[in-house]
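Data from entry39.cif: mmCIF, C-alpha atoms
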data_final
loop_
_atom_site.group_PDB
_atom_site.id
_atom_site.type_symbol
_atom_site.label_atom_id
_atom_site.label_comp_id
_atom_site.auth_asym_id
_atom_site.auth_seq_id
_atom_site.Cartn_x
_atom_site.Cartn_y
_atom_site.Cartn_z
ATOM 1 C CA MET A 1 0.000 0.000 0.000
ATOM 2 C CA ASN A 2 1.029 3.622 -0.499
ATOM 3 C CA ARG A 3 1.818 4.730 3.062
ATOM 4 C CA SER A 4 1.579 8.449 2.373
ATOM 5 C CA LEU A 5 -1.835 8.073 0.768
ATOM 6 C CA GLU A 6 -3.009 5.834 3.599
ATOM 7 C CA ARG A 7 -1.830 8.347 6.198
ATOM 8 C CA GLY A 8 -3.402 11.258 4.339
ATOM 9 C CA ILE A 9 -6.761 9.473 4.348
ATOM 10 C CA ALA A 10 -6.347 8.784 8.079
ATOM 11 C CA ILE A 11 -5.923 12.521 8.638
ATOM 12 C CA LEU A 12 -9.085 13.316 6.709
ATOM 13 C CA ARG A 13 -10.958 10.684 8.757
ATOM 14 C CA ALA A 14 -9.904 12.404 11.974
ATOM 15 C CA PHE A 15 -12.355 15.235 11.230
ATOM 16 C CA LYS A 16 -15.810 14.371 12.555
ATOM 17 C CA PRO A 17 -18.883 16.185 13.887
ATOM 18 C CA GLY A 18 -17.730 17.889 17.058
ATOM 19 C CA LEU A 19 -14.116 17.656 15.848
ATOM 20 C CA SER A 20 -14.379 19.917 12.834
ATOM 21 C CA GLU A 21 -11.282 21.991 13.649
ATOM 22 C CA LEU A 22 -8.047 20.248 14.602
ATOM 23 C CA GLY A 23 -4.448 21.309 15.034
ATOM 24 C CA ASN A 24 -1.473 19.181 14.086
ATOM 25 C CA ALA A 25 -0.992 17.952 17.656
ATOM 26 C CA GLU A 26 -4.639 16.871 17.921
ATOM 27 C CA ILE A 27 -4.471 15.126 14.557
ATOM 28 C CA ALA A 28 -1.320 13.305 15.630
ATOM 29 C CA GLU A 29 -3.025 12.174 18.829
ATOM 30 C CA ARG A 30 -6.126 10.927 17.026
ATOM 31 C CA THR A 31 -4.319 9.163 14.190
ATOM 32 C CA GLY A 32 -1.261 7.876 16.046
ATOM 33 C CA LEU A 33 0.996 9.436 13.406
ATOM 34 C CA PRO A 34 4.236 11.287 14.237
ATOM 35 C CA LYS A 35 3.790 15.053 14.528
ATOM 36 C CA ALA A 36 6.369 15.702 11.798
ATOM 37 C CA THR A 37 4.470 13.415 9.432
ATOM 38 C CA VAL A 38 1.175 15.118 10.240
ATOM 39 C CA SER A 39 2.699 18.565 9.672
ATOM 40 C CA ARG A 40 4.019 17.512 6.261
ATOM 41 C CA LEU A 41 0.770 15.851 5.176
ATOM 42 C CA THR A 42 -1.535 18.650 6.337
ATOM 43 C CA ARG A 43 0.485 21.080 4.207
ATOM 44 C CA THR A 44 0.063 18.722 1.256
ATOM 45 C CA LEU A 45 -3.683 18.364 1.889
ATOM 46 C CA VAL A 46 -4.069 22.147 2.038
ATOM 47 C CA SER A 47 -2.209 22.469 -1.255
ATOM 48 C CA ALA A 48 -4.450 19.776 -2.776
ATOM 49 C CA GLY A 49 -7.597 21.584 -1.659
ATOM 50 C CA MET A 50 -8.693 18.906 0.827
ATOM 51 C CA LEU A 51 -8.070 20.987 3.965
ATOM 52 C CA GLU A 52 -8.338 24.657 4.859
ATOM 53 C CA ARG A 53 -5.953 26.261 7.365
ATOM 54 C CA ASP A 54 -7.006 28.874 9.880
ATOM 55 C CA ALA A 55 -3.704 30.646 10.447
ATOM 56 C CA ALA A 56 -4.994 32.717 13.382
ATOM 57 C CA GLN A 57 -6.129 29.689 15.387
ATOM 58 C CA ARG A 58 -3.538 27.307 13.905
ATOM 59 C CA VAL A 59 -6.138 24.680 13.090
ATOM 60 C CA TYR A 60 -7.378 22.886 9.989
ATOM 61 C CA ARG A 61 -10.856 22.087 8.749
ATOM 62 C CA LEU A 62 -12.163 20.056 5.820
ATOM 63 C CA ALA A 63 -12.329 22.013 2.574
ATOM 64 C CA PRO A 64 -15.444 22.236 0.341
ATOM 65 C CA ALA A 65 -13.873 19.881 -2.206
ATOM 66 C CA VAL A 66 -14.410 16.975 0.207
ATOM 67 C CA LEU A 67 -18.172 17.485 -0.014
ATOM 68 C CA SER A 68 -18.034 17.218 -3.793
ATOM 69 C CA PHE A 69 -16.765 13.641 -3.462
ATOM 70 C CA ALA A 70 -19.837 12.692 -1.457
ATOM 71 C CA HIS A 71 -22.109 14.334 -4.027
ATOM 72 C CA ALA A 72 -20.388 12.472 -6.881
ATOM 73 C CA MET A 73 -20.734 9.176 -5.011
ATOM 74 C CA ARG A 74 -24.447 9.708 -4.392
ATOM 75 C CA LEU A 75 -25.160 10.601 -8.002
ATOM 76 C CA SER A 76 -23.188 7.670 -9.377
ATOM 77 C CA SER A 77 -24.686 5.013 -7.101
ATOM 78 C CA PRO A 78 -27.194 2.841 -9.001
ATOM 79 C CA ILE A 79 -28.502 1.513 -5.689
ATOM 80 C CA LEU A 80 -29.364 4.969 -4.343
ATOM 81 C CA SER A 81 -30.842 6.308 -7.554
ATOM 82 C CA THR A 82 -33.065 3.228 -7.846
ATOM 83 C CA ILE A 83 -34.426 2.828 -4.336
ATOM 84 C CA ALA A 84 -34.337 6.371 -2.926
ATOM 85 C CA PRO A 85 -37.745 7.227 -4.475
ATOM 86 C CA LEU A 86 -39.236 4.120 -2.846
ATOM 87 C CA MET A 87 -37.707 5.045 0.503
ATOM 88 C CA ARG A 88 -39.031 8.595 0.310
ATOM 89 C CA ALA A 89 -42.526 7.447 -0.655
ATOM 90 C CA GLU A 90 -42.619 4.911 2.191
ATOM 91 C CA ALA A 91 -41.442 7.455 4.751
ATOM 92 C CA THR A 92 -44.139 9.875 3.614
ATOM 93 C CA ARG A 93 -46.872 7.249 3.524
ATOM 94 C CA ARG A 94 -46.082 5.668 6.897
ATOM 95 C CA HIS A 95 -44.926 8.850 8.670
ATOM 96 C CA VAL A 96 -41.668 7.197 9.720
ATOM 97 C CA ASN A 97 -37.963 7.688 9.122
ATOM 98 C CA VAL A 98 -36.325 5.501 6.479
ATOM 99 C CA GLY A 99 -32.573 5.176 6.012
ATOM 100 C CA LEU A 100 -29.982 3.248 4.028
ATOM 101 C CA ALA A 101 -26.480 2.738 5.413
ATOM 102 C CA ALA A 102 -23.221 0.976 4.599
ATOM 103 C CA ALA A 103 -20.329 -0.087 6.806
ATOM 104 C CA ASP A 104 -17.280 2.122 7.263
ATOM 105 C CA GLY A 105 -14.871 0.470 9.668
ATOM 106 C CA ASP A 106 -16.509 0.279 13.085
ATOM 107 C CA MET A 107 -19.300 2.653 12.061
ATOM 108 C CA MET A 108 -22.312 2.650 9.760
ATOM 109 C CA VAL A 109 -22.584 5.660 7.474
ATOM 110 C CA TYR A 110 -25.968 6.849 6.245
ATOM 111 C CA LEU A 111 -26.112 7.024 2.458
ATOM 112 C CA GLU A 112 -29.684 8.309 2.452
ATOM 113 C CA SER A 113 -32.158 9.329 5.140
ATOM 114 C CA PHE A 114 -35.748 10.535 4.861
ATOM 115 C CA ARG A 115 -37.159 11.888 8.117
ATOM 116 C CA TYR A 116 -40.952 11.971 8.434
ATOM 117 C CA SER A 117 -41.598 10.794 11.992
ATOM 118 C CA PRO A 118 -44.527 12.876 13.311
ATOM 119 C CA ARG A 119 -42.910 13.258 16.710
ATOM 120 C CA ALA A 120 -39.805 15.387 16.947
ATOM 121 C CA SER A 121 -36.565 13.700 17.972
ATOM 122 C CA PHE A 122 -33.439 15.279 19.397
ATOM 123 C CA ARG A 123 -31.452 13.473 16.685
ATOM 124 C CA THR A 124 -31.148 14.891 13.195
ATOM 125 C CA VAL A 125 -29.885 12.270 10.759
ATOM 126 C CA VAL A 126 -28.487 13.297 7.386
ATOM 127 C CA SER A 127 -26.548 11.570 4.628
ATOM 128 C CA GLY A 128 -22.970 11.019 5.692
ATOM 129 C CA GLN A 129 -23.774 10.726 9.382
ATOM 130 C CA ARG A 130 -22.094 7.835 11.178
ATOM 131 C CA VAL A 131 -23.492 5.645 13.957
ATOM 132 C CA PRO A 132 -21.840 2.787 15.905
ATOM 133 C CA VAL A 133 -22.049 -0.697 14.418
ATOM 134 C CA GLU A 134 -22.565 -2.477 17.720
ATOM 135 C CA LEU A 135 -25.253 -0.186 19.133
ATOM 136 C CA THR A 136 -27.635 0.156 16.219
ATOM 137 C CA SER A 137 -30.092 -1.998 14.317
ATOM 138 C CA LEU A 138 -28.294 -0.899 11.128
ATOM 139 C CA GLY A 139 -24.983 -2.218 12.396
ATOM 140 C CA ARG A 140 -26.366 -5.487 13.697
ATOM 141 C CA ALA A 141 -28.171 -6.184 10.427
ATOM 142 C CA TYR A 142 -24.857 -5.625 8.641
ATOM 143 C CA LEU A 143 -22.926 -7.915 10.997
ATOM 144 C CA TRP A 144 -25.541 -10.606 10.528
ATOM 145 C CA ALA A 145 -25.210 -10.455 6.734
ATOM 146 C CA ILE A 146 -21.426 -10.705 6.386
ATOM 147 C CA PRO A 147 -19.479 -14.003 6.270
ATOM 148 C CA ARG A 148 -18.925 -15.801 9.571
ATOM 149 C CA GLU A 149 -15.177 -15.181 9.701
ATOM 150 C CA ASP A 150 -15.664 -11.449 9.111
ATOM 151 C CA ARG A 151 -18.407 -11.341 11.730
ATOM 152 C CA ASP A 152 -16.219 -13.058 14.324
ATOM 153 C CA ARG A 153 -13.433 -10.580 13.624
ATOM 154 C CA GLU A 154 -15.820 -7.646 14.051
ATOM 155 C CA LEU A 155 -17.216 -9.055 17.297
ATOM 156 C CA ALA A 156 -13.690 -9.462 18.647
ATOM 157 C CA ALA A 157 -12.942 -5.839 17.747
ATOM 158 C CA ILE A 158 -16.112 -4.711 19.542
ATOM 159 C CA ALA A 159 -15.077 -6.619 22.674
ATOM 160 C CA LYS A 160 -11.696 -4.888 22.539
ATOM 161 C CA ARG A 161 -13.242 -1.421 22.090
ATOM 162 C CA ARG A 162 -15.761 -1.923 24.902
ATOM 163 C CA PRO A 163 -14.100 -4.263 27.410
ATOM 164 C CA LYS A 164 -16.320 -3.288 30.348
ATOM 165 C CA GLY A 165 -19.603 -4.136 28.645
ATOM 166 C CA SER A 166 -18.381 -6.732 26.175
ATOM 167 C CA ARG A 167 -20.459 -9.584 27.624
ATOM 168 C CA GLN A 168 -23.675 -7.549 27.542
ATOM 169 C CA PHE A 169 -22.937 -6.268 24.048
ATOM 170 C CA ARG A 170 -22.342 -9.804 22.806
ATOM 171 C CA HIS A 171 -25.629 -10.929 24.380
ATOM 172 C CA ASP A 172 -27.587 -8.047 22.829
ATOM 173 C CA ILE A 173 -26.016 -8.556 19.402
ATOM 174 C CA GLU A 174 -26.709 -12.295 19.475
ATOM 175 C CA ARG A 175 -30.318 -11.549 20.381
ATOM 176 C CA SER A 176 -30.555 -9.274 17.335
ATOM 177 C CA PHE A 177 -29.056 -12.062 15.185
ATOM 178 C CA ALA A 178 -31.770 -14.411 16.468
ATOM 179 C CA GLU A 179 -34.444 -11.881 15.463
ATOM 180 C CA LEU A 180 -32.908 -11.578 12.014
ATOM 181 C CA ASP A 181 -32.824 -15.369 11.650
ATOM 182 C CA GLN A 182 -36.450 -15.687 12.675
ATOM 183 C CA LEU A 183 -38.080 -12.491 11.414
ATOM 184 C CA GLY A 184 -35.737 -11.060 8.800
ATOM 185 C CA TYR A 185 -35.187 -7.858 10.824
ATOM 186 C CA CYS A 186 -34.069 -6.755 14.277
ATOM 187 C CA ALA A 187 -35.328 -4.027 16.605
ATOM 188 C CA VAL A 188 -33.086 -1.813 18.749
ATOM 189 C CA ARG A 189 -33.636 1.177 21.020
ATOM 190 C CA TRP A 190 -30.133 2.538 21.417
ATOM 191 C CA GLN A 191 -31.201 6.083 22.294
ATOM 192 C CA PRO A 192 -34.049 7.120 24.609
ATOM 193 C CA GLY A 193 -37.341 7.795 22.856
ATOM 194 C CA VAL A 194 -36.329 6.299 19.492
ATOM 195 C CA VAL A 195 -37.108 2.816 18.161
ATOM 196 C CA ALA A 196 -35.640 1.353 14.987
ATOM 197 C CA VAL A 197 -35.846 -1.841 12.978
ATOM 198 C CA ALA A 198 -33.347 -2.827 10.312
ATOM 199 C CA THR A 199 -32.772 -5.522 7.733
ATOM 200 C CA SER A 200 -29.901 -6.321 5.401
ATOM 201 C CA LEU A 201 -30.141 -5.425 1.727
ATOM 202 C CA ARG A 202 -27.778 -7.242 -0.585
ATOM 203 C CA PHE A 203 -27.920 -6.988 -4.364
ATOM 204 C CA GLU A 204 -25.914 -9.295 -6.607
ATOM 205 C CA GLU A 205 -22.282 -9.552 -5.428
ATOM 206 C CA GLN A 206 -22.099 -6.213 -3.642
ATOM 207 C CA ASP A 207 -21.356 -5.819 0.046
ATOM 208 C CA PRO A 208 -24.512 -5.749 2.166
ATOM 209 C CA TYR A 209 -26.294 -2.515 2.930
ATOM 210 C CA SER A 210 -28.628 -2.005 5.869
ATOM 211 C CA LEU A 211 -32.132 -0.603 5.440
ATOM 212 C CA ASN A 212 -33.909 0.753 8.497
ATOM 213 C CA MET A 213 -37.152 2.300 9.627
ATOM 214 C CA SER A 214 -37.429 4.326 12.819
ATOM 215 C CA LEU A 215 -39.555 6.798 14.703
ATOM 216 C CA ALA A 216 -39.582 8.740 17.935
ATOM 217 C CA SER A 217 -41.722 6.717 20.324
ATOM 218 C CA ASP A 218 -41.842 5.564 23.929
ATOM 219 C CA GLU A 219 -43.927 2.491 23.115
ATOM 220 C CA PRO A 220 -42.528 -0.915 24.131
ATOM 221 C CA LEU A 221 -39.874 -2.166 21.753
ATOM 222 C CA ALA A 222 -41.815 -5.364 21.027
ATOM 223 C CA ASP A 223 -44.874 -3.359 19.945
ATOM 224 C CA ALA A 224 -42.807 -1.131 17.666
ATOM 225 C CA ARG A 225 -41.101 -4.186 16.175
ATOM 226 C CA ARG A 226 -44.406 -5.839 15.302
ATOM 227 C CA ARG A 227 -45.665 -2.650 13.680
ATOM 228 C CA LEU A 228 -42.571 -1.498 11.793
ATOM 229 C CA GLY A 229 -41.111 -4.887 10.839
ATOM 230 C CA PRO A 230 -43.694 -5.891 8.194
ATOM 231 C CA TRP A 231 -43.533 -2.422 6.651
ATOM 232 C CA LEU A 232 -39.751 -2.680 6.429
ATOM 233 C CA LEU A 233 -39.782 -6.141 4.843
ATOM 234 C CA ASP A 234 -42.337 -5.028 2.285
ATOM 235 C CA LEU A 235 -40.151 -2.037 1.404
ATOM 236 C CA LYS A 236 -37.110 -4.317 1.104
ATOM 237 C CA ARG A 237 -39.015 -6.619 -1.254
ATOM 238 C CA ARG A 238 -40.012 -3.735 -3.506
ATOM 239 C CA CYS A 239 -36.482 -2.313 -3.486
ATOM 240 C CA LEU A 240 -34.998 -5.642 -4.579
ATOM 241 C CA GLU A 241 -37.639 -6.105 -7.258
ATOM 242 C CA LYS A 242 -36.880 -2.682 -8.704
ATOM 243 C CA LEU A 243 -33.128 -3.308 -8.614
ATOM 244 C CA GLU A 244 -33.571 -6.637 -10.401
ATOM 245 C CA LEU A 245 -35.842 -5.053 -13.000
ATOM 246 C CA ASN A 246 -33.343 -2.304 -13.729
ATOM 247 C CA ALA A 247 -30.512 -4.842 -13.951
ATOM 248 C CA ALA A 248 -32.507 -6.909 -16.447
ATOM 249 C CA ARG A 249 -33.163 -3.817 -18.568
ATOM 250 C CA ASP A 250 -29.469 -2.930 -18.559
ATOM 251 C CA THR A 251 -28.617 -6.463 -19.658
ATOM 252 C CA TYR A 252 -30.814 -6.178 -22.723
#
Re-express the file's structure as structure tokens.
Amino acid sequence: MNRSLERGIAILRAFKPGLSELGNAEIAERTGLPKATVSRLTRTLVSAGMLERDAAQRVYRLAPAVLSFAHAMRLSSPILSTIAPLMRAEATRRHVNVGLAAADGDMMVYLESFRYSPRASFRTVVSGQRVPVELTSLGRAYLWAIPREDRDRELAAIAKRRPKGSRQFRHDIERSFAELDQLGYCAVRWQPGVVAVATSLRFEEQDPYSLNMSLASDEPLADARRRLGPWLLDLKRRCLEKLELNAARDTY
């Protein structure tokens, strides 16, 4: 691998919501890279238009060009362009939130999110937002869908990241796997006042995505699961049918 490129990407990944402005020392701490290396690469990233430097505060922030990559990815994705209209229509019809996410390391990143829950939530979810794999229905649906050896590796990494609660996390994740085996979806309430169900969405040979449906509600999780689960599976079925239809058209 190209070490400089790999390290430059690690620097860009260090910028997150709540960490939008970082100095070289903070970047070095968060990436584990030597300070001299960080100083050299941040200068390069500024020159390349990927970072902006605030000379007065001696910090860096992501440059607008980074956002253009996300826009290009969204426009070029055949999955998103095909199923986003179905997701939007379902969110509007059911008055729920509908999202599609993919794995990014130990996080799930939202590729699309339509928010129509009638009750306001303190969380605002937008495309590009990241949520923990182990805590969310999105993440557990993804873990369930990947090969066994990859799943075991991810579970070991979770236990290492969260040593104090590793036994409880493993129990909760296994319970979600059992729901996915039996029902085709799992339900999780990882934040107060919000319930979510998720299922895996795999098309052809691509890595699995996770499709979820959520709303702000204090109702028992079992009740929300019974209500949202069938809606989610029906949406998944229609998404796959549309993807298969488009693929058949492209073939001919």
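Straight-line separation from CA of Cys186 (chain A) to CA of Ser137 (chain A): 6.2 Å.
Computed from the coordinates, the CA of Gln57 (chain A) to CA of Ala10 (chain A) distance equals 22.1 Å.
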(request) Would you please work out which residue, of A:Leu240, A:Tyr116, A:Ser127, A:Gly139, is nearest to His95 (chain A) when using all atoms listed in the file? (result) A:Tyr116
Produce a table with one row for each residue of region 86-156 of chain A that has an atom at most 12 Å from any atom of region 178-183 of chain A, each row naming the nearest atom pair and its distance in Å at one decimal; use only C-alpha atoms; arrange rows by chain and rising residue number; format as CSV.
residue,atom,partner,partner_atom,distance
A:Ser137,CA,A:Leu180,CA,10.2
A:Leu138,CA,A:Leu180,CA,11.7
A:Arg140,CA,A:Leu180,CA,9.1
A:Ala141,CA,A:Leu180,CA,7.4
A:Tyr142,CA,A:Leu180,CA,10.6
A:Leu143,CA,A:Leu180,CA,10.7
A:Trp144,CA,A:Leu180,CA,7.6
A:Ala145,CA,A:Leu180,CA,9.4
(request) For the file shown, report as a ChimeraX atom specification the outcome of the PyMOL selection byres ((chain A and resi 78-88) around 12) at residue level. (result) /A:71-77,89-102,110-116,127,201-204,206-209,211-213,231-232,234-247,250
(message) For the provided coordinates, the residues matched by the PyMOL selection byres ((chain A and resi 151) around 12) should be stated as number ranges by chain.
(response) A: 106, 133-134, 139-150, 152-158, 170, 173-174, 177
Since we have the selection now, will you write its residues out, keeping C-alpha atoms, as a compact mmCIF listing (two decimals), in the coordinates of the input?
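The result, written out as selection_19.txt:
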# COMPACT_ATOMS: atom_id res chain seq x y z
CA ASP A 106 -16.51 0.28 13.08
CA VAL A 133 -22.05 -0.70 14.42
CA GLU A 134 -22.56 -2.48 17.72
CA GLY A 139 -24.98 -2.22 12.40
CA ARG A 140 -26.37 -5.49 13.70
CA ALA A 141 -28.17 -6.18 10.43
CA TYR A 142 -24.86 -5.62 8.64
CA LEU A 143 -22.93 -7.92 11.00
CA TRP A 144 -25.54 -10.61 10.53
CA ALA A 145 -25.21 -10.46 6.73
CA ILE A 146 -21.43 -10.70 6.39
CA PRO A 147 -19.48 -14.00 6.27
CA ARG A 148 -18.92 -15.80 9.57
CA GLU A 149 -15.18 -15.18 9.70
CA ASP A 150 -15.66 -11.45 9.11
CA ASP A 152 -16.22 -13.06 14.32
CA ARG A 153 -13.43 -10.58 13.62
CA GLU A 154 -15.82 -7.65 14.05
CA LEU A 155 -17.22 -9.06 17.30
CA ALA A 156 -13.69 -9.46 18.65
CA ALA A 157 -12.94 -5.84 17.75
CA ILE A 158 -16.11 -4.71 19.54
CA ARG A 170 -22.34 -9.80 22.81
CA ILE A 173 -26.02 -8.56 19.40
CA GLU A 174 -26.71 -12.30 19.48
CA PHE A 177 -29.06 -12.06 15.18
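Taking CA of Gly8 (chain A) and CA of Thr42 (chain A) as endpoints, the distance between them is 7.9 Å.
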(message) Under the PyMOL selection byres ((chain A and resi 66) around 12), which residues of this model are included? Write them out as a list in words.
(response) Ile9, Leu12, Arg13, Phe15, Leu45, Val46, Ala48, Gly49, Met50, Leu51, Glu52, Arg61, Leu62, Ala63, Pro64, Ala65, Leu67, Ser68, Phe69, Ala70, His71, Ala72, Met73 and Gly128 of chain A
